[in-house]
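Structure data follow from upload_35.csv (CSV, C-alpha atoms):
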```
chain,number,residue,atom,x,y,z
G,1,MET,CA,15.7,23.6,28.8
G,2,GLU,CA,13.9,21.2,26.4
G,3,THR,CA,10.7,22.2,24.7
G,4,PRO,CA,7.9,19.7,25.5
G,5,VAL,CA,6.9,17.6,22.5
G,6,SER,CA,3.2,17.7,21.8
G,7,GLU,CA,1.3,14.4,21.4
G,8,PRO,CA,1.1,13.0,17.9
G,9,LYS,CA,-2.2,13.6,16.2
G,10,ILE,CA,-3.9,12.8,12.9
G,11,GLU,CA,-6.4,15.0,11.0
G,12,ILE,CA,-8.6,14.2,8.1
G,13,GLU,CA,-9.3,16.8,5.5
G,14,THR,CA,-11.4,16.6,2.4
G,15,GLN,CA,-10.7,18.6,-0.8
G,16,PRO,CA,-13.4,19.6,-3.3
G,17,GLU,CA,-14.0,17.4,-6.3
G,18,SER,CA,-12.9,20.3,-8.5
G,19,LEU,CA,-9.5,21.9,-7.7
G,20,ALA,CA,-10.8,25.2,-9.3
G,21,THR,CA,-12.3,26.6,-6.0
G,22,PRO,CA,-11.8,30.0,-4.5
G,23,PRO,CA,-8.7,30.3,-2.4
G,24,VAL,CA,-8.9,29.7,1.3
G,25,GLU,CA,-7.4,32.2,3.7
G,26,PRO,CA,-3.9,31.0,4.9
G,27,VAL,CA,-4.0,29.4,8.4
G,28,ALA,CA,-2.3,31.7,11.0
G,29,ALA,CA,1.1,30.2,12.1
G,30,LYS,CA,1.4,29.0,15.6
G,31,SER,CA,4.3,30.0,17.8
G,32,PRO,CA,7.5,29.9,15.8
G,33,LYS,CA,9.2,26.9,17.4
G,34,GLY,CA,9.8,25.4,14.0
G,35,TYR,CA,8.0,22.9,11.7
G,36,VAL,CA,8.8,21.0,8.5
G,37,VAL,CA,5.7,19.9,6.6
G,38,LEU,CA,6.1,17.2,3.9
G,39,ALA,CA,3.5,16.7,1.3
G,40,ILE,CA,3.0,13.0,0.4
G,41,GLY,CA,1.0,11.9,-2.7
G,42,LEU,CA,0.9,11.0,-6.3
G,43,PRO,CA,1.1,13.5,-9.1
G,44,GLY,CA,-2.4,14.9,-9.6
G,45,SER,CA,-3.4,14.3,-6.0
G,46,GLY,CA,-3.7,18.0,-5.3
G,47,LYS,CA,-0.4,18.8,-3.4
G,48,THR,CA,0.5,22.0,-5.2
G,49,THR,CA,-3.1,23.2,-5.3
G,50,TRP,CA,-3.4,22.6,-1.5
G,51,TYR,CA,-0.4,24.8,-0.9
G,52,LYS,CA,-1.6,27.5,-3.3
G,53,ARG,CA,-5.0,27.6,-1.5
G,54,ARG,CA,-3.3,28.3,1.7
G,55,GLY,CA,-1.0,31.0,0.3
G,56,VAL,CA,2.1,28.9,0.9
G,57,THR,CA,5.2,28.8,-1.4
G,58,PRO,CA,6.8,25.5,-0.7
G,59,LEU,CA,10.2,24.2,-1.6
G,60,SER,CA,9.2,22.3,-4.8
G,61,SER,CA,11.0,19.7,-6.9
G,62,ASP,CA,9.0,20.9,-9.9
G,63,LEU,CA,10.0,24.5,-9.3
G,64,LEU,CA,13.7,23.4,-9.0
G,65,ARG,CA,13.5,21.5,-12.3
G,66,THR,CA,12.2,24.7,-14.0
G,67,LEU,CA,14.9,26.8,-12.3
G,68,LEU,CA,17.8,24.4,-13.1
G,69,PHE,CA,16.8,23.1,-16.5
G,70,ASP,CA,14.1,25.4,-17.9
G,71,ASP,CA,12.0,22.2,-18.1
G,72,ILE,CA,9.6,21.1,-15.3
G,73,SER,CA,9.5,17.6,-16.9
G,74,GLU,CA,13.3,17.0,-16.8
G,75,GLN,CA,13.7,13.7,-15.0
G,76,ARG,CA,17.4,12.8,-15.8
G,77,TYR,CA,18.9,14.6,-12.8
G,78,GLN,CA,16.8,13.5,-9.9
G,79,GLY,CA,19.8,13.3,-7.6
G,80,LEU,CA,20.8,16.9,-8.3
G,81,VAL,CA,17.2,18.2,-7.9
G,82,PHE,CA,16.8,16.6,-4.5
G,83,SER,CA,20.2,17.4,-3.2
G,84,THR,CA,19.5,21.0,-4.1
G,85,LEU,CA,16.1,20.8,-2.5
G,86,ARG,CA,17.7,19.4,0.7
G,87,SER,CA,20.3,22.2,0.7
G,88,LEU,CA,17.5,24.8,0.4
G,89,LEU,CA,15.7,23.3,3.4
G,90,ARG,CA,18.9,23.2,5.4
G,91,ALA,CA,19.5,26.9,4.6
G,92,ARG,CA,16.0,27.7,5.9
G,93,LEU,CA,16.5,25.7,9.1
G,94,ILE,CA,19.9,27.4,9.7
G,95,ALA,CA,18.1,30.7,9.2
G,96,LYS,CA,15.5,29.5,11.8
G,97,MET,CA,12.5,29.9,9.5
G,98,PRO,CA,9.6,28.8,11.6
G,99,TRP,CA,7.5,27.1,8.8
G,100,ASN,CA,9.0,25.1,6.0
G,101,TYR,CA,7.1,23.2,3.4
G,102,VAL,CA,8.3,20.6,0.9
G,103,ASP,CA,6.3,19.8,-2.2
G,104,ALA,CA,7.4,16.5,-3.7
G,105,THR,CA,5.8,13.1,-4.0
G,106,ASN,CA,7.7,11.6,-1.0
G,107,LEU,CA,6.1,8.2,-1.7
G,108,SER,CA,7.9,5.9,0.7
G,109,PRO,CA,9.4,6.0,4.2
G,110,HIS,CA,12.8,5.7,2.5
G,111,GLU,CA,12.2,8.9,0.5
G,112,ARG,CA,11.0,10.7,3.6
G,113,ARG,CA,13.7,9.6,6.0
G,114,GLN,CA,16.3,12.3,5.0
G,115,TRP,CA,13.8,15.1,5.4
G,116,ILE,CA,12.8,13.9,8.8
G,117,LYS,CA,16.3,13.3,10.0
G,118,MET,CA,17.4,16.8,8.9
G,119,ALA,CA,14.4,18.5,10.5
G,120,LYS,CA,14.9,16.7,13.8
G,121,SER,CA,18.7,17.4,13.8
G,122,PHE,CA,17.7,21.1,13.9
G,123,GLY,CA,15.1,20.6,16.6
G,124,TYR,CA,12.1,21.0,14.2
G,125,GLU,CA,8.9,19.1,14.5
G,126,VAL,CA,7.9,17.2,11.3
G,127,HIS,CA,4.3,17.1,10.0
G,128,ALA,CA,2.9,15.1,7.1
G,129,VAL,CA,0.1,16.1,4.7
G,130,PHE,CA,-0.9,12.8,3.1
G,131,PHE,CA,-3.0,13.1,-0.1
G,132,ASP,CA,-5.1,9.9,0.0
G,133,VAL,CA,-6.6,10.4,-3.4
G,134,PRO,CA,-7.7,7.4,-5.5
G,135,LEU,CA,-5.4,6.6,-8.5
G,136,ALA,CA,-8.3,7.0,-10.9
G,137,VAL,CA,-8.8,10.6,-9.8
G,138,CYS,CA,-5.1,11.3,-10.1
G,139,LEU,CA,-5.0,9.8,-13.6
G,140,GLU,CA,-8.0,11.9,-14.6
G,141,ARG,CA,-6.4,15.1,-13.3
G,142,ASN,CA,-3.0,14.1,-14.9
G,143,ALA,CA,-4.7,13.7,-18.3
G,144,LYS,CA,-5.8,17.4,-18.1
G,145,ARG,CA,-2.3,18.7,-17.2
G,146,GLU,CA,0.1,20.4,-19.6
G,147,ARG,CA,2.9,18.3,-18.2
G,148,GLN,CA,1.7,14.7,-17.9
G,149,VAL,CA,3.2,11.6,-16.3
G,150,SER,CA,2.6,8.4,-18.3
G,151,ASP,CA,-0.1,6.1,-17.0
G,152,GLU,CA,2.5,3.4,-16.6
G,153,VAL,CA,4.7,5.5,-14.4
G,154,MET,CA,1.6,6.6,-12.4
G,155,HIS,CA,0.7,3.0,-11.7
G,156,ARG,CA,4.3,2.2,-10.6
G,157,MET,CA,4.3,5.2,-8.3
G,158,ALA,CA,0.9,4.1,-6.8
G,159,GLU,CA,2.4,0.8,-6.0
G,160,ARG,CA,5.3,2.5,-4.1
G,161,LEU,CA,3.0,5.0,-2.2
G,162,LYS,CA,3.0,4.2,1.5
G,163,PRO,CA,0.9,6.2,4.0
G,164,PRO,CA,3.0,8.1,6.6
G,165,THR,CA,3.2,6.7,10.2
G,166,PHE,CA,4.1,8.2,13.5
G,167,LYS,CA,6.9,5.6,13.8
G,168,GLU,CA,8.7,7.5,11.0
G,169,GLY,CA,9.0,10.5,13.2
G,170,PHE,CA,6.0,12.6,12.2
G,171,GLN,CA,4.4,14.5,15.1
G,172,LYS,CA,1.2,15.3,13.1
G,173,ILE,CA,-0.4,13.7,10.1
G,174,THR,CA,-3.1,15.4,8.1
G,175,VAL,CA,-5.0,13.3,5.6
G,176,VAL,CA,-6.5,15.1,2.6
G,177,ARG,CA,-9.2,13.3,0.6
G,178,VAL,CA,-11.5,14.3,-2.3
G,179,LYS,CA,-14.9,15.2,-1.0
G,180,GLY,CA,-17.3,12.3,-1.8
G,181,GLN,CA,-14.5,9.9,-2.5
G,182,PRO,CA,-13.3,7.1,-0.2
G,183,GLY,CA,-9.7,7.0,0.8
G,184,SER,CA,-7.6,4.6,-1.2
G,185,LEU,CA,-5.2,3.5,1.5
G,186,PRO,CA,-5.5,2.8,5.2
G,187,VAL,CA,-3.8,5.4,7.3
G,188,ALA,CA,-1.6,3.8,9.9
G,189,THR,CA,-2.0,5.5,13.3
G,190,THR,CA,0.3,4.3,16.0
G,191,GLY,CA,0.6,5.8,19.5
G,192,GLU,CA,-1.7,8.3,21.1
G,193,ALA,CA,-3.2,9.8,18.0
G,194,ALA,CA,-6.0,12.3,18.3
G,195,GLY,CA,-8.3,12.5,15.3
G,196,ALA,CA,-9.7,15.7,13.8
G,197,VAL,CA,-11.5,16.4,10.5
G,198,GLU,CA,-10.9,19.5,8.4
G,199,GLN,CA,-13.2,20.3,5.5
G,200,SER,CA,-11.8,22.2,2.6
```

For this file, produce the structure as structure tokens.
Amino acid sequence: METPVSEPKIEIETQPESLATPPVEPVAAKSPKGYVVLAIGLPGSGKTTWYKRRGVTPLSSDLLRTLLFDDISEQRYQGLVFSTLRSLLRARLIAKMPWNYVDATNLSPHERRQWIKMAKSFGYEVHAVFFDVPLAVCLERNAKRERQVSDEVMHRMAERLKPPTFKEGFQKITVVRVKGQPGSLPVATTGEAAGAVEQS
């Protein structure tokens, strides 16, 4: 018997201007039918902080770089990092873990396609958390980090960043914006999308 698929929906969430806010209690998991949640956004957009505030430990490309190479900034072996990350997600899906989170930039539909295909092949629903944070804010946050991405690379990444769409296979899209800041990109909503606003 097939499980009915819920209608696609989009949620808007704003994050505080300062990322140094008290942690928010983790959201209680829904019935464990299975979800894969992809973070989508530039470095410095607040992806890792968003997960931490919810008490979630995601599969993280940065964590893998540290584990594999003792260097979070190692960029020479991207293929190895992401094939290992996909293997870890596959292992979680085989183990029928109900909630699975991926913390990487996932800038384009091409970069997201393999995650979506894998999740759906295991019967999991795929959600996107899109960090629609202006480049200027990301550059400012990046400048304060211990591990910085060059401004040139940040600008190139911003050019590649495409908002997620339901056509890609997402069942739910949550948009996270900085409180008091306009979104930098239009969010493409296709199909019967229900809107909701979350404040954080």

Checklist entry - Which is closest to G:Val56 among G:Tyr35, G:Trp99, G:Phe82, G:Tyr77, if we use all atoms listed in the file? => result G:Trp99

Checklist entry - For G:Lys33, which residue out of G:Gln181, G:Thr165, G:Thr174, G:Asn100 is the nearest one, using only C-alpha atoms? => result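 Checking each of G:Gln181, G:Thr165, G:Thr174, G:Asn100 against G:Lys33, counting only C-alpha atoms, the winner is G:Asn100.
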
Item to check | Distance in Å - atom CA of G:Val102 versus atom CA of G:Leu85 | outcome: 8.5 Å

Next on the checklist: I want to know what sits within 9 Å of G:Tyr51, based on all atoms listed in the file, with residues of the same chain fewer than 5 positions away left out; could you give that as JSON, numbers by chain?
Outcome noted: {"G": [46, 56, 57, 58, 101, 103]}

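In this comparison, which uses only C-alpha atoms, the residue of G:Pro163, G:Gly44, G:Gly34, G:Pro98 approaching G:Tyr124 most closely is G:Gly34.
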
Checklist outcome for this item: atom CA of G:Ile12 to atom CA of G:Val176 measures 6.0 Å

Checklist entry - Which one of G:Ser73, G:Ser83, G:Thr105, G:Gln114 sits closest to G:Glu168 if you count all atoms listed in the file? => result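 The closest residue to G:Glu168 is G:Gln114.
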
Item to check | Counting only C-alpha atoms, the residue of G:Leu135, G:Val36, G:Ser60, G:Leu80 that sits nearest G:Leu93 | outcome: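 Smallest distance to G:Leu93 is found for G:Val36.
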
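When atom CA of G:Ile116 is paired with atom CA of G:Thr84, their separation reads 16.2 Å.
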
Item to check | Nearest to G:Asp151, chosen from G:Ala91, G:Leu42, G:Val126, G:Ala104, with all atoms listed in the file counted in the distances | outcome: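 Closest candidate: G:Leu42.
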
Checklist entry - Any idea what's packed within 10 Å of stretch 137-147 of chain G, counting all atoms listed in the file, ignoring anything in its chain fewer than 6 positions away? Could you give it as a PyMOL selection string? => result chain G and resi 17-19+41-46+71-73+154-155+158+178+181

Could you model N, CA and C atoms for stretch 131-159 of chain G and present them as a PDB file, in the coordinates of the input?
```pdb
ATOM      1  N   PHE G 131      -1.949  12.971   0.899  1.00  0.00           N
ATOM      2  CA  PHE G 131      -3.000  13.100  -0.100  1.00  0.00           C
ATOM      3  C   PHE G 131      -3.500  11.736  -0.480  1.00  0.00           C
ATOM      4  N   ASP G 132      -4.527  11.274   0.227  1.00  0.00           N
ATOM      5  CA  ASP G 132      -5.100   9.900   0.000  1.00  0.00           C
ATOM      6  C   ASP G 132      -6.189  10.042  -1.029  1.00  0.00           C
ATOM      7  N   VAL G 133      -5.740  10.148  -2.263  1.00  0.00           N
ATOM      8  CA  VAL G 133      -6.600  10.400  -3.400  1.00  0.00           C
ATOM      9  C   VAL G 133      -6.567   9.150  -4.302  1.00  0.00           C
ATOM     10  N   PRO G 134      -7.718   8.591  -4.698  1.00  0.00           N
ATOM     11  CA  PRO G 134      -7.700   7.400  -5.500  1.00  0.00           C
ATOM     12  C   PRO G 134      -6.894   7.598  -6.825  1.00  0.00           C
ATOM     13  N   LEU G 135      -6.228   6.533  -7.247  1.00  0.00           N
ATOM     14  CA  LEU G 135      -5.400   6.600  -8.500  1.00  0.00           C
ATOM     15  C   LEU G 135      -6.251   7.048  -9.654  1.00  0.00           C
ATOM     16  N   ALA G 136      -7.497   6.588  -9.759  1.00  0.00           N
ATOM     17  CA  ALA G 136      -8.300   7.000 -10.900  1.00  0.00           C
ATOM     18  C   ALA G 136      -8.524   8.498 -10.959  1.00  0.00           C
ATOM     19  N   VAL G 137      -8.680   9.146  -9.810  1.00  0.00           N
ATOM     20  CA  VAL G 137      -8.800  10.600  -9.800  1.00  0.00           C
ATOM     21  C   VAL G 137      -7.518  11.268 -10.197  1.00  0.00           C
ATOM     22  N   CYS G 138      -6.386  10.746  -9.709  1.00  0.00           N
ATOM     23  CA  CYS G 138      -5.100  11.300 -10.100  1.00  0.00           C
ATOM     24  C   CYS G 138      -4.823  11.147 -11.580  1.00  0.00           C
ATOM     25  N   LEU G 139      -5.196   9.984 -12.146  1.00  0.00           N
ATOM     26  CA  LEU G 139      -5.000   9.800 -13.600  1.00  0.00           C
ATOM     27  C   LEU G 139      -5.875  10.726 -14.395  1.00  0.00           C
ATOM     28  N   GLU G 140      -7.100  10.954 -13.947  1.00  0.00           N
ATOM     29  CA  GLU G 140      -8.000  11.900 -14.600  1.00  0.00           C
ATOM     30  C   GLU G 140      -7.435  13.307 -14.609  1.00  0.00           C
ATOM     31  N   ARG G 141      -6.979  13.734 -13.447  1.00  0.00           N
ATOM     32  CA  ARG G 141      -6.400  15.100 -13.300  1.00  0.00           C
ATOM     33  C   ARG G 141      -5.111  15.182 -14.152  1.00  0.00           C
ATOM     34  N   ASN G 142      -4.292  14.133 -14.121  1.00  0.00           N
ATOM     35  CA  ASN G 142      -3.000  14.100 -14.900  1.00  0.00           C
ATOM     36  C   ASN G 142      -3.273  14.274 -16.355  1.00  0.00           C
ATOM     37  N   ALA G 143      -4.341  13.652 -16.859  1.00  0.00           N
ATOM     38  CA  ALA G 143      -4.700  13.700 -18.300  1.00  0.00           C
ATOM     39  C   ALA G 143      -4.987  15.151 -18.727  1.00  0.00           C
ATOM     40  N   LYS G 144      -5.418  15.995 -17.788  1.00  0.00           N
ATOM     41  CA  LYS G 144      -5.800  17.400 -18.100  1.00  0.00           C
ATOM     42  C   LYS G 144      -4.621  18.348 -17.940  1.00  0.00           C
ATOM     43  N   ARG G 145      -3.478  17.847 -17.459  1.00  0.00           N
ATOM     44  CA  ARG G 145      -2.300  18.700 -17.200  1.00  0.00           C
ATOM     45  C   ARG G 145      -1.538  18.959 -18.498  1.00  0.00           C
ATOM     46  N   GLU G 146      -0.853  20.092 -18.516  1.00  0.00           N
ATOM     47  CA  GLU G 146       0.100  20.400 -19.600  1.00  0.00           C
ATOM     48  C   GLU G 146       1.234  19.396 -19.578  1.00  0.00           C
ATOM     49  N   ARG G 147       1.777  19.193 -18.381  1.00  0.00           N
ATOM     50  CA  ARG G 147       2.900  18.300 -18.200  1.00  0.00           C
ATOM     51  C   ARG G 147       2.341  16.985 -17.582  1.00  0.00           C
ATOM     52  N   GLN G 148       2.286  15.928 -18.393  1.00  0.00           N
ATOM     53  CA  GLN G 148       1.700  14.700 -17.900  1.00  0.00           C
ATOM     54  C   GLN G 148       2.727  13.635 -17.591  1.00  0.00           C
ATOM     55  N   VAL G 149       2.382  12.818 -16.607  1.00  0.00           N
ATOM     56  CA  VAL G 149       3.200  11.600 -16.300  1.00  0.00           C
ATOM     57  C   VAL G 149       2.480  10.475 -16.942  1.00  0.00           C
ATOM     58  N   SER G 150       3.241   9.560 -17.552  1.00  0.00           N
ATOM     59  CA  SER G 150       2.600   8.400 -18.300  1.00  0.00           C
ATOM     60  C   SER G 150       1.799   7.588 -17.293  1.00  0.00           C
ATOM     61  N   ASP G 151       0.744   6.957 -17.817  1.00  0.00           N
ATOM     62  CA  ASP G 151      -0.100   6.100 -17.000  1.00  0.00           C
ATOM     63  C   ASP G 151       0.734   4.963 -16.365  1.00  0.00           C
ATOM     64  N   GLU G 152       1.672   4.441 -17.139  1.00  0.00           N
ATOM     65  CA  GLU G 152       2.500   3.400 -16.600  1.00  0.00           C
ATOM     66  C   GLU G 152       3.329   3.818 -15.413  1.00  0.00           C
ATOM     67  N   VAL G 153       3.916   5.005 -15.497  1.00  0.00           N
ATOM     68  CA  VAL G 153       4.700   5.500 -14.400  1.00  0.00           C
ATOM     69  C   VAL G 153       3.761   5.835 -13.190  1.00  0.00           C
ATOM     70  N   MET G 154       2.571   6.356 -13.454  1.00  0.00           N
ATOM     71  CA  MET G 154       1.600   6.600 -12.400  1.00  0.00           C
ATOM     72  C   MET G 154       1.255   5.345 -11.635  1.00  0.00           C
ATOM     73  N   HIS G 155       1.041   4.259 -12.368  1.00  0.00           N
ATOM     74  CA  HIS G 155       0.700   3.000 -11.700  1.00  0.00           C
ATOM     75  C   HIS G 155       1.890   2.477 -10.883  1.00  0.00           C
ATOM     76  N   ARG G 156       3.106   2.623 -11.397  1.00  0.00           N
ATOM     77  CA  ARG G 156       4.300   2.200 -10.600  1.00  0.00           C
ATOM     78  C   ARG G 156       4.423   3.048  -9.350  1.00  0.00           C
ATOM     79  N   MET G 157       4.190   4.349  -9.475  1.00  0.00           N
ATOM     80  CA  MET G 157       4.300   5.200  -8.300  1.00  0.00           C
ATOM     81  C   MET G 157       3.198   4.854  -7.278  1.00  0.00           C
ATOM     82  N   ALA G 158       1.994   4.532  -7.745  1.00  0.00           N
ATOM     83  CA  ALA G 158       0.900   4.100  -6.800  1.00  0.00           C
ATOM     84  C   ALA G 158       1.276   2.892  -6.049  1.00  0.00           C
ATOM     85  N   GLU G 159       1.992   1.977  -6.677  1.00  0.00           N
ATOM     86  CA  GLU G 159       2.400   0.800  -6.000  1.00  0.00           C
ATOM     87  C   GLU G 159       3.450   1.092  -4.880  1.00  0.00           C
TER      88      GLU G 159
END
```
